[in-house]
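The data block below is query-v5.txt; it holds compact mmCIF, C-alpha atoms and all ligand atoms.
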# COMPACT_ATOMS: atom_id res chain seq x y z
CA MET A 287 71.28 -4.84 116.30
CA SER A 288 68.69 -2.59 114.69
CA SER A 289 70.18 0.90 114.28
CA SER A 290 71.67 2.01 111.00
CA GLY A 291 74.57 4.41 111.06
CA SER A 292 78.18 4.41 112.23
CA VAL A 293 80.10 4.29 115.47
CA VAL A 294 83.13 6.53 115.98
CA VAL A 295 85.87 4.21 117.21
CA VAL A 296 88.75 6.00 118.92
CA ASN A 297 92.10 4.42 119.76
CA CYS A 298 94.30 7.04 121.36
CA GLY A 299 97.91 5.83 121.93
CA SER A 300 100.80 7.71 123.49
CA SER A 301 101.95 9.29 120.21
CA SER A 302 99.34 8.13 117.72
CA VAL A 303 95.60 8.42 117.30
CA LYS A 304 93.47 6.04 115.26
CA LEU A 305 89.90 6.92 114.54
CA ALA A 306 87.36 5.14 112.35
CA LEU A 307 83.70 5.39 111.47
CA VAL A 308 82.53 1.79 111.59
CA ASP A 309 79.18 0.32 110.53
CA PRO A 310 78.50 -2.09 113.43
CA VAL A 311 76.52 -4.47 111.22
CA THR A 312 78.65 -4.73 108.07
CA GLY A 313 81.99 -3.59 109.50
CA GLN A 314 82.38 -1.12 106.63
CA ARG A 315 84.42 2.02 107.28
CA ALA A 316 83.03 5.33 106.00
CA LEU A 317 86.26 6.98 107.16
CA SER A 318 89.49 6.11 108.92
CA CYS A 319 92.14 8.41 110.34
CA LEU A 320 95.67 7.81 111.51
CA GLY A 321 97.36 10.61 113.44
CA GLU A 322 101.12 10.33 113.89
CA ARG A 323 103.64 12.15 116.10
CA ILE A 324 100.68 13.46 118.09
CA GLY A 325 101.85 15.69 120.91
CA SER A 326 104.78 17.06 118.87
CA PRO A 327 104.89 20.16 116.61
CA ASP A 328 105.12 17.98 113.45
CA ALA A 329 101.92 16.04 114.16
CA VAL A 330 100.03 14.92 111.02
CA VAL A 331 96.72 13.16 110.44
CA HIS A 332 95.99 10.98 107.38
CA MET A 333 92.27 10.84 106.69
CA THR A 334 90.94 8.14 104.34
CA THR A 335 87.43 8.14 102.83
CA ALA A 336 85.94 6.63 99.68
CA GLU A 337 87.41 9.65 97.84
CA GLY A 338 90.98 8.82 98.88
CA THR A 339 93.49 9.87 101.53
CA ARG A 340 94.41 13.41 102.50
CA THR A 341 96.84 14.59 105.11
CA ILE A 342 95.97 17.40 107.47
CA THR A 343 98.07 19.21 110.03
CA PRO A 344 96.15 19.57 113.27
CA ALA A 345 95.92 23.15 114.53
CA ALA A 346 96.92 22.02 118.03
CA SER A 347 99.91 19.80 118.74
CA THR A 348 98.63 18.49 122.07
CA HIS A 349 96.98 15.14 122.15
CA ARG A 350 93.64 16.47 123.17
CA GLY A 351 93.79 19.40 120.79
CA ALA A 352 94.72 17.22 117.80
CA LEU A 353 91.89 14.79 118.42
CA ALA A 354 89.38 17.59 118.95
CA HIS A 355 90.51 19.10 115.63
CA VAL A 356 90.04 15.80 113.77
CA LEU A 357 86.61 15.19 115.31
CA GLN A 358 85.54 18.72 114.40
CA ARG A 359 86.61 18.12 110.77
CA LEU A 360 84.66 14.89 110.80
CA LEU A 361 81.47 16.67 111.80
CA ASP A 362 81.84 18.90 108.73
CA LEU A 363 81.72 15.87 106.38
CA ASP A 364 78.61 14.31 104.89
CA LEU A 365 78.53 11.16 107.01
CA PRO A 366 76.08 8.47 108.11
CA PRO A 367 74.31 9.16 111.43
CA LEU A 368 76.57 8.69 114.43
CA LEU A 369 75.29 6.08 116.90
CA GLY A 370 77.89 6.49 119.63
CA VAL A 371 81.60 6.66 120.36
CA GLY A 372 83.62 3.58 121.36
CA HIS A 373 87.00 4.08 123.02
CA ARG A 374 89.74 1.49 123.26
CA VAL A 375 91.16 1.54 126.79
CA VAL A 376 94.20 -0.60 127.53
CA GLN A 377 94.00 -1.22 131.27
CA GLY A 378 90.74 -1.91 133.09
CA GLY A 379 92.47 -3.59 136.05
CA ALA A 380 90.33 -5.89 138.17
CA VAL A 381 87.59 -3.21 138.06
CA PHE A 382 86.15 -3.67 134.57
CA HIS A 383 84.97 -7.12 133.44
CA GLY A 384 83.30 -5.87 130.27
CA SER A 385 82.60 -2.75 128.23
CA VAL A 386 80.87 0.14 130.03
CA ARG A 387 79.21 3.45 129.26
CA ILE A 388 81.49 6.30 130.26
CA ASP A 389 80.43 8.82 132.89
CA ASP A 390 82.62 10.97 135.13
CA ARG A 391 83.03 8.15 137.62
CA VAL A 392 84.23 5.68 134.95
CA LEU A 393 86.59 8.31 133.54
CA GLY A 394 88.01 8.82 137.05
CA GLN A 395 88.54 5.06 137.39
CA ILE A 396 90.37 4.95 134.03
CA HIS A 397 92.63 7.75 135.29
CA ASP A 398 93.17 5.88 138.58
CA LEU A 399 94.27 2.77 136.67
CA SER A 400 97.09 4.78 135.05
CA ALA A 401 99.44 3.52 137.77
CA LEU A 402 99.18 0.08 136.13
CA ALA A 403 99.53 1.39 132.55
CA PRO A 404 101.38 4.73 132.64
CA LEU A 405 102.11 4.65 128.88
CA HIS A 406 98.56 3.92 127.81
CA ASN A 407 95.71 4.91 130.13
CA PRO A 408 96.53 8.64 130.30
CA ALA A 409 96.43 8.80 126.47
CA ASN A 410 93.19 6.79 126.38
CA ALA A 411 91.67 9.15 128.97
CA SER A 412 92.72 12.25 126.96
CA GLY A 413 91.00 10.76 123.93
CA ILE A 414 87.81 10.28 125.93
CA GLU A 415 87.93 13.82 127.31
CA ALA A 416 88.49 15.36 123.87
CA ALA A 417 85.76 13.28 122.23
CA ARG A 418 83.24 13.96 124.99
CA ALA A 419 83.90 17.69 124.65
CA VAL A 420 83.32 17.67 120.86
CA LEU A 421 80.49 15.09 120.84
CA PRO A 422 78.65 15.71 124.14
CA ASP A 423 75.29 14.45 122.90
CA LEU A 424 76.52 10.96 122.01
CA GLU A 425 77.01 8.07 124.43
CA HIS A 426 80.68 7.16 124.93
CA VAL A 427 81.67 3.58 125.71
CA ALA A 428 84.98 2.18 127.04
CA VAL A 429 86.13 -1.20 125.71
CA PHE A 430 89.05 -2.56 127.72
CA ASP A 431 91.94 -4.69 126.40
CA THR A 432 92.05 -6.50 129.73
CA ALA A 433 88.32 -7.18 130.29
CA PHE A 434 88.14 -10.47 128.34
CA HIS A 435 90.84 -11.92 130.61
CA GLN A 436 88.99 -11.17 133.85
CA THR A 437 87.63 -14.74 133.70
CA MET A 438 91.12 -16.16 134.33
CA PRO A 439 91.23 -18.20 137.52
CA GLU A 440 93.45 -16.95 140.34
CA THR A 441 95.92 -19.80 139.75
CA ASN A 442 96.58 -18.37 136.30
CA TYR A 443 96.73 -14.66 137.11
CA ARG A 444 98.81 -14.62 140.32
CA TYR A 445 102.56 -14.07 140.29
CA ALA A 446 104.52 -15.82 143.03
CA VAL A 447 105.64 -12.52 144.61
CA PRO A 448 105.29 -10.95 148.08
CA ALA A 449 101.59 -10.59 149.01
CA ARG A 450 101.88 -6.83 149.53
CA TRP A 451 102.81 -6.32 145.87
CA TYR A 452 99.55 -7.95 144.86
CA GLU A 453 97.29 -6.57 147.58
CA GLU A 454 98.53 -2.97 147.63
CA PHE A 455 100.02 -2.41 144.18
CA GLY A 456 97.81 -4.69 142.05
CA VAL A 457 100.78 -6.71 140.79
CA ARG A 458 99.16 -9.64 138.95
CA ARG A 459 98.60 -10.75 135.39
CA TYR A 460 95.85 -8.83 133.56
CA GLY A 461 96.54 -9.78 129.92
CA MET A 462 96.00 -7.53 126.89
CA HIS A 463 94.65 -7.74 123.30
CA GLY A 464 91.40 -8.97 124.87
CA THR A 465 89.26 -7.35 122.19
CA SER A 466 91.12 -9.22 119.44
CA HIS A 467 91.12 -12.53 121.34
CA ARG A 468 87.39 -12.18 121.99
CA PHE A 469 86.55 -11.28 118.37
CA VAL A 470 88.71 -14.03 116.88
CA SER A 471 87.64 -16.77 119.31
CA GLN A 472 83.95 -15.99 118.68
CA ARG A 473 84.50 -16.01 114.93
CA ALA A 474 86.49 -19.28 115.09
CA ALA A 475 83.71 -20.88 117.18
CA GLU A 476 81.11 -19.78 114.59
CA ILE A 477 83.22 -21.19 111.75
CA LEU A 478 83.80 -24.51 113.54
CA ARG A 479 80.13 -24.88 114.44
CA ALA A 480 79.11 -24.27 110.81
CA ALA A 481 81.84 -26.51 109.36
CA ASP A 482 81.97 -29.40 111.85
CA GLY A 483 78.95 -28.93 114.14
CA ARG A 484 81.24 -28.32 117.13
CA ASP A 485 79.60 -27.08 120.32
CA PRO A 486 81.13 -23.64 121.13
CA ARG A 487 80.66 -24.30 124.87
CA GLU A 488 83.10 -27.20 124.69
CA LEU A 489 85.73 -25.66 122.44
CA LYS A 490 89.38 -25.52 123.52
CA LEU A 491 91.10 -22.78 121.52
CA VAL A 492 94.51 -21.18 121.65
CA VAL A 493 94.35 -17.82 119.89
CA ALA A 494 97.73 -16.37 118.87
CA HIS A 495 97.53 -12.67 118.03
CA LEU A 496 100.80 -11.99 116.21
CA GLY A 497 101.12 -8.35 115.16
CA ASN A 498 103.48 -5.61 116.31
CA GLY A 499 102.46 -6.71 119.79
CA CYS A 500 102.00 -10.45 120.25
CA SER A 501 100.06 -12.51 122.76
CA ALA A 502 98.40 -15.90 122.95
CA THR A 503 95.31 -16.82 124.95
CA ALA A 504 93.70 -20.08 126.06
CA VAL A 505 89.95 -19.77 125.43
CA LEU A 506 87.77 -22.48 126.99
CA GLY A 507 84.10 -22.47 125.96
CA GLY A 508 84.36 -18.81 124.93
CA ARG A 509 86.10 -17.60 128.11
CA SER A 510 89.74 -16.59 128.52
CA VAL A 511 91.38 -18.87 131.09
CA ASP A 512 95.03 -17.99 130.54
CA THR A 513 97.10 -15.57 128.48
CA THR A 514 100.74 -14.69 127.86
CA MET A 515 100.75 -10.95 128.60
CA GLY A 516 100.87 -10.01 132.24
CA LEU A 517 100.84 -6.81 134.27
CA THR A 518 101.83 -4.95 131.10
CA PRO A 519 102.15 -5.88 127.40
CA LEU A 520 105.85 -6.73 127.95
CA GLU A 521 105.44 -10.32 129.15
CA GLY A 522 105.19 -13.46 127.03
CA LEU A 523 105.99 -13.81 123.35
CA VAL A 524 108.83 -12.12 121.48
CA MET A 525 107.37 -9.07 119.70
CA GLY A 526 108.49 -6.48 117.13
CA THR A 527 110.37 -4.36 119.66
CA ARG A 528 109.45 -5.98 123.01
CA SER A 529 111.51 -8.69 124.67
CA GLY A 530 108.66 -10.79 126.07
CA ASP A 531 109.61 -13.16 128.93
CA LEU A 532 112.82 -12.32 130.72
CA ASP A 533 114.64 -13.14 133.94
CA PRO A 534 113.91 -10.01 136.04
CA ALA A 535 117.51 -10.12 137.30
CA VAL A 536 118.57 -8.87 133.85
CA VAL A 537 117.34 -5.42 134.87
CA GLU A 538 119.69 -5.30 137.86
CA LEU A 539 122.66 -6.55 135.85
CA VAL A 540 122.18 -3.95 133.09
CA ALA A 541 121.58 -1.18 135.65
CA ASP A 542 124.85 -2.11 137.39
CA ARG A 543 126.82 -2.19 134.13
CA THR A 544 125.39 0.92 132.45
CA GLY A 545 124.26 3.06 135.37
CA GLU A 546 120.94 3.56 133.60
CA PRO A 547 117.80 3.95 135.71
CA VAL A 548 115.23 1.14 135.73
CA THR A 549 112.75 3.21 133.69
CA GLU A 550 115.28 3.56 130.87
CA ILE A 551 116.02 -0.17 130.88
CA VAL A 552 112.31 -1.03 130.80
CA ARG A 553 111.88 1.48 127.96
CA GLN A 554 114.54 -0.43 126.01
CA LEU A 555 112.81 -3.74 126.78
CA ASN A 556 109.66 -2.23 125.24
CA SER A 557 111.12 -0.27 122.34
CA SER A 558 114.58 -1.60 121.36
CA SER A 559 114.30 -5.34 121.95
CA GLY A 560 112.39 -8.21 120.31
CA LEU A 561 112.80 -8.94 116.58
CA LEU A 562 114.53 -5.59 116.10
CA ALA A 563 117.28 -6.38 118.62
CA LEU A 564 117.78 -10.01 117.63
CA SER A 565 118.04 -9.23 113.92
CA GLY A 566 119.90 -5.94 114.25
CA LEU A 567 117.82 -5.03 111.21
CA SER A 568 114.09 -4.51 111.57
CA ASN A 569 111.00 -5.27 113.61
CA ASP A 570 109.01 -6.05 110.47
CA VAL A 571 108.51 -9.70 109.58
CA ARG A 572 108.27 -8.85 105.86
CA THR A 573 111.81 -7.44 105.87
CA LEU A 574 113.13 -10.22 108.09
CA SER A 575 111.60 -12.94 105.93
CA ALA A 576 113.14 -11.47 102.76
CA LYS A 577 116.55 -11.07 104.40
CA ALA A 578 116.44 -14.53 106.03
CA ALA A 579 115.77 -16.03 102.59
CA GLU A 580 118.95 -14.27 101.36
CA GLY A 581 120.89 -15.85 104.24
CA HIS A 582 121.04 -12.94 106.74
CA ALA A 583 122.01 -14.62 110.04
CA GLY A 584 120.40 -12.02 112.32
CA ALA A 585 117.08 -12.19 110.46
CA ARG A 586 117.09 -15.98 110.68
CA LEU A 587 117.89 -15.94 114.37
CA ALA A 588 115.15 -13.39 115.08
CA LEU A 589 112.50 -15.45 113.28
CA ASP A 590 113.71 -18.68 114.93
CA VAL A 591 113.57 -17.21 118.44
CA PHE A 592 110.18 -15.62 117.69
CA VAL A 593 108.71 -18.91 116.47
CA HIS A 594 110.31 -21.01 119.21
CA ARG A 595 108.89 -18.78 121.95
CA ALA A 596 105.46 -18.68 120.32
CA ALA A 597 105.37 -22.49 119.98
CA LYS A 598 106.45 -22.96 123.60
CA HIS A 599 103.66 -20.69 124.81
CA VAL A 600 101.02 -22.30 122.59
CA ALA A 601 101.97 -25.70 124.02
CA ALA A 602 101.99 -24.31 127.58
CA LEU A 603 98.49 -22.87 127.13
CA THR A 604 97.13 -26.33 126.31
CA VAL A 605 97.79 -27.14 129.98
CA SER A 606 95.22 -24.50 130.95
CA LEU A 607 92.72 -26.02 128.49
CA GLY A 608 93.37 -29.70 129.21
CA GLY A 609 93.73 -30.28 125.46
CA LEU A 610 93.42 -28.43 122.16
CA ASP A 611 90.77 -28.32 119.45
CA ALA A 612 92.17 -25.47 117.36
CA LEU A 613 95.08 -23.08 117.16
CA VAL A 614 93.77 -19.82 115.73
CA LEU A 615 96.25 -17.38 114.17
CA THR A 616 95.55 -13.69 113.69
CA GLY A 617 97.21 -10.23 113.57
CA GLY A 618 99.44 -8.85 110.80
CA ILE A 619 101.94 -11.73 111.09
CA GLY A 620 99.40 -14.50 111.81
CA GLU A 621 97.22 -13.43 108.88
CA ASN A 622 99.96 -12.78 106.33
CA ALA A 623 103.31 -14.42 107.11
CA LYS A 624 102.88 -17.93 105.73
CA ASN A 625 106.55 -18.74 106.35
CA VAL A 626 106.11 -17.97 110.07
CA ARG A 627 102.90 -20.02 110.20
CA SER A 628 104.72 -22.91 108.58
CA MET A 629 107.67 -22.67 111.02
CA LEU A 630 105.25 -22.54 113.94
CA LEU A 631 103.30 -25.60 112.85
CA ALA A 632 106.54 -27.54 112.30
CA ARG A 633 107.39 -26.99 115.98
CA LEU A 634 103.91 -28.05 117.11
CA ARG A 635 103.67 -31.27 115.12
CA HIS A 636 103.80 -33.40 118.27
CA LEU A 637 100.46 -31.85 119.30
CA GLY A 638 98.95 -33.33 116.15
CA LEU A 639 99.07 -30.15 114.04
CA VAL A 640 100.19 -31.09 110.54
CA GLU A 641 100.53 -28.29 108.02
CA ASP A 642 98.66 -28.47 104.73
CA PRO A 643 101.25 -26.54 102.67
CA ALA A 644 98.83 -25.75 99.84
CA ALA A 645 96.17 -24.42 102.23
CA ASN A 646 98.76 -22.40 104.15
CA ASP A 647 100.16 -21.00 100.93
CA GLU A 648 96.72 -20.17 99.60
CA HIS A 649 95.49 -18.38 102.70
CA GLY A 650 95.60 -14.62 102.32
CA ARG A 651 95.22 -14.88 98.54
CA SER A 652 91.90 -16.60 97.91
CA SER A 653 91.32 -17.58 101.55
CA THR A 654 90.80 -21.31 102.04
CA PRO A 655 87.43 -22.46 103.39
CA ALA A 656 87.20 -21.87 107.13
CA GLY A 657 90.77 -20.55 107.16
CA ARG A 658 92.10 -24.05 107.87
CA ILE A 659 95.85 -24.54 107.25
CA THR A 660 96.35 -28.08 108.60
CA VAL A 661 95.51 -31.41 106.99
CA PRO A 662 92.10 -32.78 107.98
CA GLY A 663 92.24 -35.49 110.63
CA SER A 664 91.02 -36.47 114.05
CA GLY A 665 93.46 -34.24 115.96
CA PRO A 666 93.47 -30.48 116.48
CA LEU A 667 93.49 -28.07 113.56
CA ALA A 668 95.11 -24.71 112.91
CA MET A 669 93.23 -21.91 111.20
CA VAL A 670 93.69 -18.26 110.25
CA VAL A 671 90.97 -15.83 111.32
CA PRO A 672 91.45 -12.12 110.53
CA THR A 673 90.89 -9.90 113.55
CA ASP A 674 88.79 -6.73 113.64
CA GLU A 675 89.05 -5.00 116.99
CA GLU A 676 87.35 -1.84 115.73
CA LEU A 677 84.28 -3.80 114.68
CA LEU A 678 83.95 -5.40 118.10
CA ILE A 679 84.33 -1.98 119.77
CA ALA A 680 81.58 -0.64 117.47
CA ARG A 681 79.31 -3.59 118.31
CA ASP A 682 79.85 -3.27 122.07
CA THR A 683 79.12 0.46 121.79
CA VAL A 684 75.83 -0.03 119.98
CA ALA A 685 74.80 -2.83 122.35
CA LEU A 686 75.28 -0.51 125.35
CA VAL A 687 73.71 2.52 123.65
CA GLU A 688 70.63 0.48 122.69
CA ARG A 689 70.26 -0.63 126.31
CA THR A 690 69.78 3.04 127.33
P1 LIG B 701 99.43 -3.95 115.24
O1 LIG B 701 99.80 -4.96 116.29
O2 LIG B 701 100.13 -2.64 115.37
O3 LIG B 701 97.94 -3.86 114.98
P2 LIG B 701 99.55 -5.57 112.86
O4 LIG B 701 98.65 -6.59 113.44
O5 LIG B 701 99.11 -4.84 111.64
O6 LIG B 701 100.07 -4.53 113.90
O7 LIG B 701 100.92 -6.34 112.53
C1 LIG B 701 101.99 -5.64 111.99
C2 LIG B 701 103.09 -6.63 111.63
O8 LIG B 701 102.56 -7.65 110.78
C3 LIG B 701 104.19 -5.98 110.83
O9 LIG B 701 105.20 -5.49 111.65
C4 LIG B 701 104.71 -7.11 110.00
O10 LIG B 701 105.74 -7.73 110.73
C5 LIG B 701 103.58 -8.08 109.89
N1 LIG B 701 103.04 -8.13 108.53
C6 LIG B 701 102.10 -7.33 107.98
N2 LIG B 701 101.86 -7.67 106.69
C7 LIG B 701 102.67 -8.73 106.42
C8 LIG B 701 102.91 -9.53 105.27
N3 LIG B 701 102.25 -9.35 104.13
N4 LIG B 701 103.82 -10.52 105.39
C9 LIG B 701 104.48 -10.73 106.54
N5 LIG B 701 104.31 -10.01 107.65
C10 LIG B 701 103.42 -9.02 107.60
Go through the file and emit its structure as structure tokens.
Amino acid sequence: MSSSGSVVVVNCGSSSVKLALVDPVTGQRALSCLGERIGSPDAVVHMTTAEGTRTITPAASTHRGALAHVLQRLLDLDLPPLLGVGHRVVQGGAVFHGSVRIDDRVLGQIHDLSALAPLHNPANASGIEAARAVLPDLEHVAVFDTAFHQTMPETNYRYAVPARWYEEFGVRRYGMHGTSHRFVSQRAAEILRAADGRDPRELKLVVAHLGNGCSATAVLGGRSVDTTMGLTPLEGLVMGTRSGDLDPAVVELVADRTGEPVTEIVRQLNSSSGLLALSGLSNDVRTLSAKAAEGHAGARLALDVFVHRAAKHVAALTVSLGGLDALVLTGGIGENAKNVRSMLLARLRHLGLVEDPAANDEHGRSSTPAGRITVPGSGPLAMVVPTDEELLIARDTVALVERT
């Protein structure tokens, strides 16, 4: 990577916009923006630079208008040269196996994939349209959450459902958080090669990304072979507000009892379930940990169910690997919640993972060497590796721009 400058990294969600200027070599941010309540009249954007944070009110309340406004403001600042624009796109379907430069055809394909991700792809596409309009002379690159998982074998991505659902509607497992799983598994492989001389091509990793959304992936020799999220980010682990795995018959039962349409029930499975529902308190592990320590039954239950489900999935993913060399924890919870890490390792002791309490406690303060949180031994290890999805998006963008 030779160029010096920054990549504009855009992550346009359904009601939020994140934007950062990322140095693809050092990972440093010259600027980061968080836009909230985008699409509503009280939209605000917090812009952070070395000088501090200021809040601006975008002139337009539409998604596209708000992003265009922020990008325009950005051009007025004294910034490092812009190398390109990298866009996070949630659903790349079976079409995109890696990051691609965006042209009208790619944009059309991202729109077409909205049927599989109606909450995400339309917002991602609006972000691309707005950014291309304001920055027409830069290359724009799409980095897909699903692309890393396109190496999953058919056995691991097929649902046992009627063939027509798969063939005509694309009903299969795609997996998400691929950018984080890719970044963290590469970093873990580098660390393990440097520390123990392990060959990255042989490594059997389970990466658990535990943040607001949570998913775990089996990574064999650097390739995703199985993952817990499916058609949408709803499947798999218990999350902040998402249920994770569920008997699909629940939807029919609730529809019968409440008269609510399926879309409303699925909305509640995405937004009013998970840790929030189990605790009756919060979706934030910091709050739940504090309340659980004070004896709050709902907070304890929520953390127990969260950890139990995560441990079950980690163990299940070892089937797809035929063993385990390392469990790699990342995301806001994985990187910071040492109580959750400790609970998780306690449930995985039979796999040979034995917590080193001092190393677990220390991580996040002075950061133990190689992020290791288990006692050294001949079995598998657990380690904490901070994720940086924006940096990987910036690096993919530069790699494609330099290939021009
Ligand atoms: P996202 O998935 O939106 O990127 P993050 O990866 O930042 O979110 O994870 C956010 C979650 O991480 C919070 O909801 C909170 O539960 C948890 N978290 C963040 N910081 C801490 C902390 N210091 N201790 C415990 N949990 C934390």
Which residue gives the smallest distance to A:Asp533 among A:Leu567, A:Leu555, A:Ala306, A:Cys298, with all atoms listed in the file counted?
A:Leu555
For ligand LIG 701 (chain B), which of A:Arg487, A:Arg450, A:His332, A:Arg528 is the closest residue, counting only C-alpha atoms and all ligand atoms?
A:Arg528
A:Val536 surroundings by only C-alpha atoms, 10 Å radius, close-in-sequence under 5 positions cut, as a PyMOL selection string:
chain A and resi 541-542+551
Those same residues - C-alpha atoms - I'd like them written as an mmCIF file, in the frame of the given file.
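Contents of selection37.cif, as written:
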data_model
loop_
_atom_site.group_PDB
_atom_site.id
_atom_site.type_symbol
_atom_site.label_atom_id
_atom_site.label_comp_id
_atom_site.auth_asym_id
_atom_site.auth_seq_id
_atom_site.Cartn_x
_atom_site.Cartn_y
_atom_site.Cartn_z
ATOM 1 C CA ALA A 541 121.580 -1.180 135.650
ATOM 2 C CA ASP A 542 124.850 -2.110 137.390
ATOM 3 C CA ILE A 551 116.020 -0.170 130.880
#
Counting only C-alpha atoms and all ligand atoms, what are the residues of chain A within 8 Å of ligand LIG 701 (chain B), and for each of them which pair of atoms is the nearest and at what distance in Å, to one decimal? Sort the table by chain and rising number, as a tab-separated table.
residue	atom	partner	partner_atom	distance
A:His495	CA	B:LIG701	O4	7.7
A:Leu496	CA	B:LIG701	O4	6.4
A:Gly497	CA	B:LIG701	O7	3.3
A:Asn498	CA	B:LIG701	O1	3.7
A:Gly499	CA	B:LIG701	O1	4.7
A:Cys500	CA	B:LIG701	O1	7.1
A:Gly526	CA	B:LIG701	O9	6.5
A:Asn569	CA	B:LIG701	O9	6.1
A:Asp570	CA	B:LIG701	O10	3.7
A:Val571	CA	B:LIG701	O10	3.6
A:Arg572	CA	B:LIG701	C9	4.3
A:Thr573	CA	B:LIG701	O10	7.8
A:Ser575	CA	B:LIG701	C9	7.5
A:Thr616	CA	B:LIG701	O4	7.8
A:Gly617	CA	B:LIG701	O4	3.9
A:Gly618	CA	B:LIG701	O8	3.3
A:Ile619	CA	B:LIG701	O8	4.1
A:Gly620	CA	B:LIG701	O8	7.6
A:Glu621	CA	B:LIG701	C7	7.6
A:Asn622	CA	B:LIG701	C8	4.5
A:Ala623	CA	B:LIG701	C9	3.9
A:Lys624	CA	B:LIG701	C9	7.4
Quick one: residues within 8 Å of stretch 630-633 of chain A, all atoms listed in the file, excluding same-chain residues fewer than 5 positions away - as number ranges by chain?
A: 593-594, 596-597, 639-641
For stretch 302-307 of chain A, supply all heavy atoms and format the output as a PDB file, keeping the file's coordinate frame.
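In the end it all went to selection23.pdb:
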ATOM      1  N   SER A 302     100.132   8.285 118.936  1.00  0.00           N
ATOM      2  CA  SER A 302      99.340   8.130 117.720  1.00  0.00           C
ATOM      3  C   SER A 302      97.854   8.131 118.092  1.00  0.00           C
ATOM      4  O   SER A 302      97.494   7.855 119.239  1.00  0.00           O
ATOM      5  CB  SER A 302      99.671   6.803 117.030  1.00  0.00           C
ATOM      6  OG  SER A 302      99.200   5.728 117.803  1.00  0.00           O
ATOM      7  N   VAL A 303      97.042   8.489 117.107  1.00  0.00           N
ATOM      8  CA  VAL A 303      95.600   8.420 117.300  1.00  0.00           C
ATOM      9  C   VAL A 303      95.015   7.706 116.103  1.00  0.00           C
ATOM     10  O   VAL A 303      95.346   8.038 114.954  1.00  0.00           O
ATOM     11  CB  VAL A 303      94.966   9.839 117.363  1.00  0.00           C
ATOM     12  CG1 VAL A 303      93.453   9.739 117.412  1.00  0.00           C
ATOM     13  CG2 VAL A 303      95.456  10.611 118.566  1.00  0.00           C
ATOM     14  N   LYS A 304      94.192   6.692 116.359  1.00  0.00           N
ATOM     15  CA  LYS A 304      93.470   6.040 115.260  1.00  0.00           C
ATOM     16  C   LYS A 304      91.998   6.302 115.488  1.00  0.00           C
ATOM     17  O   LYS A 304      91.526   6.193 116.627  1.00  0.00           O
ATOM     18  CB  LYS A 304      93.716   4.539 115.259  1.00  0.00           C
ATOM     19  CG  LYS A 304      95.049   4.133 114.709  1.00  0.00           C
ATOM     20  CD  LYS A 304      95.086   2.620 114.548  1.00  0.00           C
ATOM     21  CE  LYS A 304      96.514   2.142 114.415  1.00  0.00           C
ATOM     22  NZ  LYS A 304      96.683   0.738 114.750  1.00  0.00           N
ATOM     23  N   LEU A 305      91.312   6.621 114.425  1.00  0.00           N
ATOM     24  CA  LEU A 305      89.900   6.920 114.540  1.00  0.00           C
ATOM     25  C   LEU A 305      89.200   6.351 113.316  1.00  0.00           C
ATOM     26  O   LEU A 305      89.725   6.444 112.211  1.00  0.00           O
ATOM     27  CB  LEU A 305      89.777   8.440 114.578  1.00  0.00           C
ATOM     28  CG  LEU A 305      88.486   9.045 115.022  1.00  0.00           C
ATOM     29  CD1 LEU A 305      88.775  10.286 115.833  1.00  0.00           C
ATOM     30  CD2 LEU A 305      87.698   9.429 113.803  1.00  0.00           C
ATOM     31  N   ALA A 306      88.069   5.702 113.506  1.00  0.00           N
ATOM     32  CA  ALA A 306      87.360   5.140 112.350  1.00  0.00           C
ATOM     33  C   ALA A 306      85.870   5.288 112.546  1.00  0.00           C
ATOM     34  O   ALA A 306      85.380   5.320 113.681  1.00  0.00           O
ATOM     35  CB  ALA A 306      87.713   3.654 112.198  1.00  0.00           C
ATOM     36  N   LEU A 307      85.161   5.412 111.443  1.00  0.00           N
ATOM     37  CA  LEU A 307      83.700   5.390 111.470  1.00  0.00           C
ATOM     38  C   LEU A 307      83.272   4.021 110.980  1.00  0.00           C
ATOM     39  O   LEU A 307      83.464   3.699 109.806  1.00  0.00           O
ATOM     40  CB  LEU A 307      83.137   6.430 110.510  1.00  0.00           C
ATOM     41  CG  LEU A 307      83.016   7.837 111.021  1.00  0.00           C
ATOM     42  CD1 LEU A 307      82.208   8.657 110.031  1.00  0.00           C
ATOM     43  CD2 LEU A 307      82.336   7.861 112.371  1.00  0.00           C
TER      44      LEU A 307
END
